[in-house]
Each structure stands twice: as structure tokens, then as C-alpha cells.
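Asker: The file below is start-v2.txt, compact mmCIF, C-alpha atoms:
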# COMPACT_ATOMS: atom_id res chain seq x y z
CA MET A 1 -23.15 54.70 8.67
CA VAL A 2 -20.71 57.05 6.93
CA ARG A 3 -21.21 57.54 3.20
CA ILE A 4 -18.17 58.18 1.04
CA ASP A 5 -18.72 59.79 -2.35
CA ILE A 6 -16.35 58.47 -4.99
CA PRO A 7 -15.90 60.50 -8.19
CA TRP A 8 -17.34 58.75 -11.25
CA ARG A 9 -14.00 58.46 -13.03
CA PHE A 10 -12.75 56.34 -10.10
CA ARG A 11 -16.00 54.40 -9.79
CA SER A 12 -15.74 53.10 -13.34
CA ARG A 13 -12.16 51.96 -12.78
CA ILE A 14 -13.10 50.17 -9.52
CA LEU A 15 -16.04 48.42 -11.19
CA TRP A 16 -13.77 47.33 -14.06
CA LEU A 17 -11.20 45.89 -11.63
CA ILE A 18 -13.89 43.99 -9.69
CA GLY A 19 -15.30 42.55 -12.92
CA PHE A 20 -11.86 41.47 -14.10
CA ALA A 21 -11.13 39.75 -10.76
CA LEU A 22 -14.43 37.85 -10.89
CA LEU A 23 -13.75 36.76 -14.47
CA ALA A 24 -10.23 35.58 -13.64
CA SER A 25 -11.53 33.66 -10.63
CA ALA A 26 -14.14 31.89 -12.74
CA ALA A 27 -11.57 31.02 -15.40
CA ALA A 28 -9.05 29.57 -12.92
CA PRO A 29 -8.86 25.77 -13.28
CA ALA A 30 -10.06 23.70 -10.34
CA GLN A 31 -7.53 21.49 -8.59
CA SER A 32 -8.47 18.00 -9.84
CA ASN A 33 -5.83 16.04 -7.92
CA PRO A 34 -5.91 16.78 -4.18
CA PRO A 35 -2.85 15.77 -2.19
CA SER A 36 -2.70 12.06 -1.38
CA SER A 37 -3.13 10.89 2.19
CA SER A 38 0.01 10.96 4.30
CA LYS A 39 -1.11 7.87 6.24
CA VAL A 40 -1.65 4.21 5.33
CA LEU A 41 -3.71 2.94 8.25
CA PRO A 42 -4.07 -0.77 9.08
CA VAL A 43 -7.26 -2.43 7.87
CA ASP A 44 -8.49 -6.00 8.23
CA GLN A 45 -11.91 -6.78 6.72
CA ALA A 46 -11.61 -10.59 6.78
CA LYS A 47 -14.36 -11.08 9.36
CA ARG A 48 -16.97 -9.61 7.04
CA ASP A 49 -17.12 -13.13 5.60
CA PRO A 50 -16.87 -15.72 8.40
CA SER A 51 -16.08 -18.50 5.91
CA PHE A 52 -13.06 -16.59 4.63
CA ALA A 53 -11.93 -15.67 8.16
CA ALA A 54 -11.98 -19.38 9.07
CA PHE A 55 -10.10 -20.24 5.88
CA ARG A 56 -7.41 -17.66 6.63
CA ASP A 57 -6.97 -19.03 10.14
CA ARG A 58 -6.41 -22.49 8.66
CA LEU A 59 -3.96 -21.09 6.12
CA LYS A 60 -1.98 -19.35 8.86
CA GLN A 61 -1.70 -22.69 10.64
CA ILE A 62 -0.60 -24.38 7.39
CA VAL A 63 2.11 -21.76 7.01
CA LYS A 64 3.20 -22.06 10.64
CA GLU A 65 3.53 -25.85 10.30
CA ARG A 66 5.14 -25.59 6.85
CA ASN A 67 2.51 -28.02 5.65
CA THR A 68 3.33 -28.43 1.96
CA ALA A 69 0.35 -30.66 1.19
CA GLY A 70 -1.98 -28.20 2.91
CA LEU A 71 -0.58 -25.28 0.93
CA ARG A 72 -0.85 -27.12 -2.37
CA ALA A 73 -4.50 -27.86 -1.60
CA VAL A 74 -5.40 -24.15 -1.38
CA LEU A 75 -3.69 -23.12 -4.62
CA ASP A 76 -5.97 -22.24 -7.50
CA ALA A 77 -5.09 -24.22 -10.62
CA ASN A 78 -4.52 -20.95 -12.49
CA ILE A 79 -2.88 -18.96 -9.70
CA SER A 80 -1.08 -15.82 -10.95
CA ILE A 81 2.53 -15.58 -9.84
CA SER A 82 3.94 -13.14 -12.40
CA PHE A 83 3.01 -10.39 -14.83
CA GLY A 84 3.28 -11.87 -18.30
CA GLY A 85 5.30 -14.90 -17.26
CA GLU A 86 4.41 -18.49 -16.46
CA ASN A 87 1.48 -18.95 -14.09
CA GLY A 88 -0.48 -21.83 -12.56
CA ALA A 89 -0.07 -24.20 -9.62
CA ALA A 90 2.81 -26.15 -11.20
CA ALA A 91 4.72 -22.91 -11.86
CA PHE A 92 4.04 -21.83 -8.27
CA ARG A 93 5.52 -25.05 -6.89
CA LYS A 94 8.55 -24.68 -9.15
CA GLN A 95 9.17 -21.03 -8.27
CA TRP A 96 8.97 -21.70 -4.53
CA GLN A 97 10.83 -25.04 -4.71
CA LEU A 98 7.98 -26.90 -3.05
CA ASP A 99 8.73 -30.12 -4.92
CA LYS A 100 12.45 -30.17 -4.04
CA ALA A 101 13.12 -28.46 -0.72
CA PRO A 102 9.78 -27.41 0.77
CA GLU A 103 11.09 -26.97 4.32
CA GLN A 104 13.64 -24.38 3.15
CA SER A 105 11.26 -22.58 0.79
CA PRO A 106 11.03 -18.80 1.33
CA VAL A 107 7.29 -19.04 0.63
CA TRP A 108 6.56 -19.68 4.32
CA GLN A 109 8.12 -16.43 5.52
CA THR A 110 6.58 -14.55 2.60
CA LEU A 111 3.07 -15.79 3.35
CA GLU A 112 3.50 -15.28 7.08
CA SER A 113 4.25 -11.59 6.57
CA VAL A 114 1.44 -11.16 4.02
CA LEU A 115 -1.22 -12.83 6.18
CA ALA A 116 -0.18 -10.99 9.35
CA LEU A 117 -0.96 -7.56 7.90
CA GLY A 118 -4.72 -7.63 7.37
CA GLY A 119 -6.27 -6.75 4.05
CA ALA A 120 -9.49 -5.70 2.36
CA TRP A 121 -12.20 -6.86 -0.02
CA THR A 122 -11.74 -5.80 -3.64
CA GLN A 123 -13.82 -6.17 -6.77
CA ASN A 124 -13.56 -9.38 -8.74
CA SER A 125 -13.84 -9.63 -12.53
CA HIS A 126 -17.62 -9.21 -12.22
CA GLY A 127 -17.35 -5.98 -10.24
CA VAL A 128 -18.41 -7.64 -6.97
CA LEU A 129 -16.56 -7.14 -3.67
CA ALA A 130 -15.76 -10.83 -3.36
CA THR A 131 -11.95 -11.00 -3.63
CA PHE A 132 -9.86 -10.60 -0.48
CA CYS A 133 -6.37 -9.17 -0.93
CA ALA A 134 -3.58 -8.81 1.61
CA PRO A 135 -1.65 -7.10 3.08
CA TYR A 136 -3.38 -3.81 3.86
CA VAL A 137 -0.35 -1.85 2.61
CA TYR A 138 -1.25 -3.03 -0.90
CA THR A 139 -5.01 -2.43 -0.65
CA GLN A 140 -4.91 0.91 1.20
CA MET A 141 -2.00 2.67 -0.49
CA PRO A 142 -3.19 5.85 -2.26
CA GLU A 143 -2.63 5.89 -5.99
CA ASP A 144 0.40 7.80 -7.21
CA ASP A 145 1.35 8.13 -10.86
CA SER A 146 4.71 9.78 -10.26
CA ASP A 147 8.07 8.32 -11.29
CA SER A 148 9.49 8.61 -7.79
CA PRO A 149 10.88 5.62 -5.85
CA ALA A 150 8.65 2.84 -4.58
CA LEU A 151 5.78 3.81 -2.32
CA ALA A 152 5.90 2.26 1.12
CA ALA A 153 4.25 2.50 4.52
CA ILE A 154 5.53 2.60 8.07
CA LEU A 155 3.95 -0.36 9.87
CA GLY A 156 3.50 0.97 13.38
CA PRO A 157 3.15 3.97 15.69
CA ASN A 158 6.02 6.20 16.81
CA VAL A 159 8.62 4.55 14.58
CA PRO A 160 11.90 6.48 14.79
CA LEU A 161 13.41 7.87 11.61
CA ARG A 162 17.14 7.76 12.30
CA SER A 163 20.02 9.74 10.85
CA ALA A 164 22.15 6.60 10.42
CA PRO A 165 21.43 2.87 9.96
CA LYS A 166 22.21 1.88 13.52
CA ASP A 167 20.30 1.46 16.76
CA ASN A 168 21.84 4.54 18.33
CA GLY A 169 21.44 6.73 15.26
CA GLY A 170 19.96 10.13 16.07
CA VAL A 171 16.18 10.34 15.87
CA ILE A 172 15.12 12.87 13.23
CA ARG A 173 11.41 12.40 13.93
CA ARG A 174 8.87 9.74 14.83
CA MET A 175 6.35 8.44 12.32
CA SER A 176 3.04 6.61 12.75
CA TYR A 177 1.72 4.61 9.78
CA SER A 178 3.26 7.26 7.55
CA ARG A 179 3.42 7.05 3.79
CA VAL A 180 7.04 7.17 2.62
CA ARG A 181 9.17 6.36 -0.39
CA LEU A 182 12.01 3.89 -0.39
CA VAL A 183 15.38 5.22 -1.52
CA GLU A 184 16.43 2.47 -3.90
CA GLY A 185 19.84 0.90 -3.41
CA GLU A 186 20.24 2.30 0.07
CA GLY A 187 20.20 0.47 3.38
CA GLU A 188 21.47 -2.74 4.88
CA ALA A 189 19.80 -6.03 5.78
CA ARG A 190 18.24 -4.62 8.96
CA TRP A 191 17.67 -1.09 7.69
CA ARG A 192 16.00 0.73 4.83
CA LYS A 193 16.58 4.29 3.76
CA VAL A 194 13.33 6.18 3.23
CA GLN A 195 12.18 9.63 2.25
CA THR A 196 9.17 11.27 3.88
CA LEU A 197 6.56 13.12 1.83
CA ASP A 198 8.23 16.40 2.81
CA ARG A 199 11.55 15.02 1.50
CA ILE A 200 13.32 14.28 4.77
CA GLU A 201 15.59 11.24 4.41
CA GLY A 202 16.60 8.80 7.11
CA PHE A 203 16.70 5.14 8.12
CA VAL A 204 14.12 2.81 9.64
CA LEU A 205 14.30 -0.86 10.55
CA ALA A 206 13.40 -3.03 7.56
CA SER A 207 10.78 -4.77 9.71
CA GLU A 208 8.98 -1.46 10.26
CA VAL A 209 8.38 -0.51 6.64
CA ARG A 210 6.79 -2.31 3.69
CA SER A 211 6.64 -1.44 0.02
CA ALA A 212 3.29 -1.43 -1.78
CA GLY A 213 5.04 -3.47 -4.48
CA ASP A 214 6.13 -6.21 -2.10
CA TYR A 215 4.43 -9.61 -2.16
CA ARG A 216 0.64 -9.57 -1.95
CA ALA A 217 -1.92 -12.35 -2.16
CA CYS A 218 -5.55 -12.52 -3.24
CA PHE A 219 -8.19 -15.14 -2.54
CA ASP A 220 -11.44 -16.10 -4.28
CA GLN A 221 -14.06 -18.76 -3.89
CA ARG A 222 -13.93 -21.58 -6.42
CA ILE A 223 -16.91 -23.97 -6.35
CA GLY A 224 -17.57 -23.23 -2.69
CA ALA A 225 -13.94 -23.44 -1.55
CA TRP A 226 -11.51 -20.59 -0.92
CA LYS A 227 -8.38 -20.62 -3.07
CA MET A 228 -5.28 -18.49 -3.35
CA THR A 229 -5.53 -17.00 -6.83
CA PHE A 230 -2.70 -14.45 -6.76
CA LEU A 231 0.76 -14.17 -5.16
CA VAL A 232 3.07 -11.67 -6.85
CA ASN A 233 5.44 -8.81 -6.19
CA GLY A 234 6.59 -5.89 -8.28
CA ASP A 235 4.52 -3.69 -10.59
Would you write out, as C-alpha cells, the structure that this file holds?

Answerer:
Amino acid sequence: MVRIDIPWRFRSRILWLIGFALLASAAAPAQSNPPSSSKVLPVDQAKRDPSFAAFRDRLKQIVKERNTAGLRAVLDANISISFGGENGAAAFRKQWQLDKAPEQSPVWQTLESVLALGGAWTQNSHGVLATFCAPYVYTQMPEDDSDSPALAAILGPNVPLRSAPKDNGGVIRRMSYSRVRLVEGEGEARWRKVQTLDRIEGFVLASEVRSAGDYRACFDQRIGAWKMTFLVNGD
């Protein structure tokens, strides 16, 4: 090994620089907020409780048949349908026009889309994982406290991001279960304009993206029976 003699006047300066670098490194603040996940992967935990899985199957059939009496039977008496507004089963029936024109009510399509997209168990008011909420886009979306447009998720693999809202629009890239943001006020009935996390904008079919703030439902057991306790949208 070769030994290099460094004059003392340089040694002291080198030691001072090393000490300063170590001090600065120790004083540097740690990054407390790591980047959020770029994916929102599908999850369906319903089968963890066979009684709930069976209940959900029955509810899907009720929705398919547009069975108004069956739907009313699964509503919790105090079901939440708004933030700060009127709640309860009677308010639910009024909002969704189940007492006047149940066959034409948009609740059937809303529930069909919610129930088709899995979900996960969440903590109830007692801190127990006993409440099931759907869809998975709502339960699995990473938290984001920014003021940017609504968070959303691409619902499938290899979904094309197009340069224009038409079937032959150029493909900018393909996305799989990607986390995106909706560009508010943009898009047509079949299309939504979105922005990727690296700020690339384009269009996807409305059926291939869902906002975390779209309708979501939660279910709890009430005296041994499963009930829908929550069906809201927005923040």
C-alpha cells in the first residue's frame, strides 16, 4: 500500500470539511412523506366472511332483478346518504325515487358498478375490521392531501391513453391500474380526460376509469343481519 504524506496545514482543512459534511448530513431533515403508489390494484376481501359474501351475492341478484322490496329490506334505518344532509332509509328512498319510479331509478346502475369492483374490510366505530366497503378504488386509493383534481384509478390492464376523445385517437401510452387525476370539466359522455402522475394528459373511456370520490357503499351487521349503512359520493 502506498502512503501519501499530507502537510498538516492541509490535514486540518480536510478534517474540518469532513466534520462539516457529517454535521450537515445529520441535520438534514428526513423525508416524512414518501411518494404515493402509482397503482391502485383490485382487491376483494368479501370471502373472508362467508356470511357477508353470501349476503353480497343476494344483493347483486336484488340489483339485477331491480327488486325494490329486496333493496328496502337491506337498508339500515340510519343509512348515510350525504355529508351533513338528510340521512336514513326514508331519505334514501326519496333520493333514489324508489317510492315513485323504482324501475327507472339510477340506484340500480350505481349499485351494480359499486358491487362489481370488489372492496375491503375497514374499521368500524369500535376499531374492529368489521365494516365492508366497496368499491376497491375507494378503499385502496392512497391518501393525497393536495388540491389537485379528483384522484381516480384506471380499472384494467393495458388501457390506452389517447390523444383525442375518439376510438381512433393516437395512443400516447398504455396504463394498467394506474393512479391518475381527472381533468375537471373535460371529456364527453364516453370519454374522460385524465392526467397521469407525470403530468401527461389524454383521454380514456369513461368505463375504464373511476374516481375515488364516486359512489361507494359500506355494510355492517345489525342484530345478526347485514345492512347497507352507507351510500354516498363526493368528499

Asker: Report the distance between CA of Thr131 (chain A) and CA of Glu86 (chain A) in Å, rounded to one decimal place.

Answerer: 22.1 Å

Asker: Grab the CA of Gly118 (chain A) to CA of Ala91 (chain A) distance for me, in Å with one decimal place.

Answerer: 26.3 Å

Asker: I want to know what sits within 7 Å of region 180-184 of chain A, based on only C-alpha atoms, with residues of the same chain fewer than 3 positions away left out; could you give that as a PyMOL selection string?

Answerer: chain A and resi 149-153+193-197

Asker: Could you pull out every residue with an atom within 10 Å of (3.1, -16.7, 10.9), file coordinates, counting all atoms listed in the file, and send them as a list of chain:residue names?

Answerer: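 Residues with an atom close enough to that point: A:Leu59, A:Lys60, A:Gln61, A:Ile62, A:Val63, A:Lys64, A:Glu65, A:Arg66, A:Trp108, A:Gln109, A:Thr110, A:Leu111, A:Glu112, A:Ser113, A:Val114, A:Leu115, A:Ala116.
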
Asker: List every protein, DNA or RNA residue that has at least one atom no more than 6 Å from (6.7, 0.3, 11.7) in the file's coordinates, counting all atoms listed in the file, and write the result as a VMD selection string.

Answerer: chain A and resid 154 to 156 159 208 to 209

Asker: Choose the residue, out of A:Met175, A:Leu71, A:Ala217, A:Ala130, that has the smallest atom-to-atom separation from Asn158 (chain A); count all atoms listed in the file.

Answerer: A:Met175

Asker: Please compute the CA of Asn67 (chain A)-CA of Leu98 (chain A) distance, one decimal, in Å.

Answerer: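 Result for CA of Asn67 (chain A) versus CA of Leu98 (chain A): 10.3 Å, one decimal.
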
Asker: Nearest residue to Ser82 (chain A) out of A:Arg222, A:Pro165, A:Tyr215, A:Ala69, using all atoms listed in the file?

Answerer: A:Tyr215

Asker: Excluding Gly224 (chain A) and residues on its chain fewer than 4 positions from it, collect all residues at most 12 Å away from it, counting all atoms listed in the file, and give them as a PyMOL selection string.

Answerer: chain A and resi 51-52+55+220

Asker: With only C-alpha atoms as the atoms that count, which of A:Asn233, A:Val40, A:Asp57, A:Cys218 lies nearest to Phe132 (chain A)?

Answerer: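 Closest candidate: A:Cys218.
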
Asker: Kindly indicate which residue among A:Pro42, A:Asn87, A:Pro102, A:Arg173 lies nearest to Gly70 (chain A), using all atoms listed in the file for the distances.

Answerer: A:Pro102
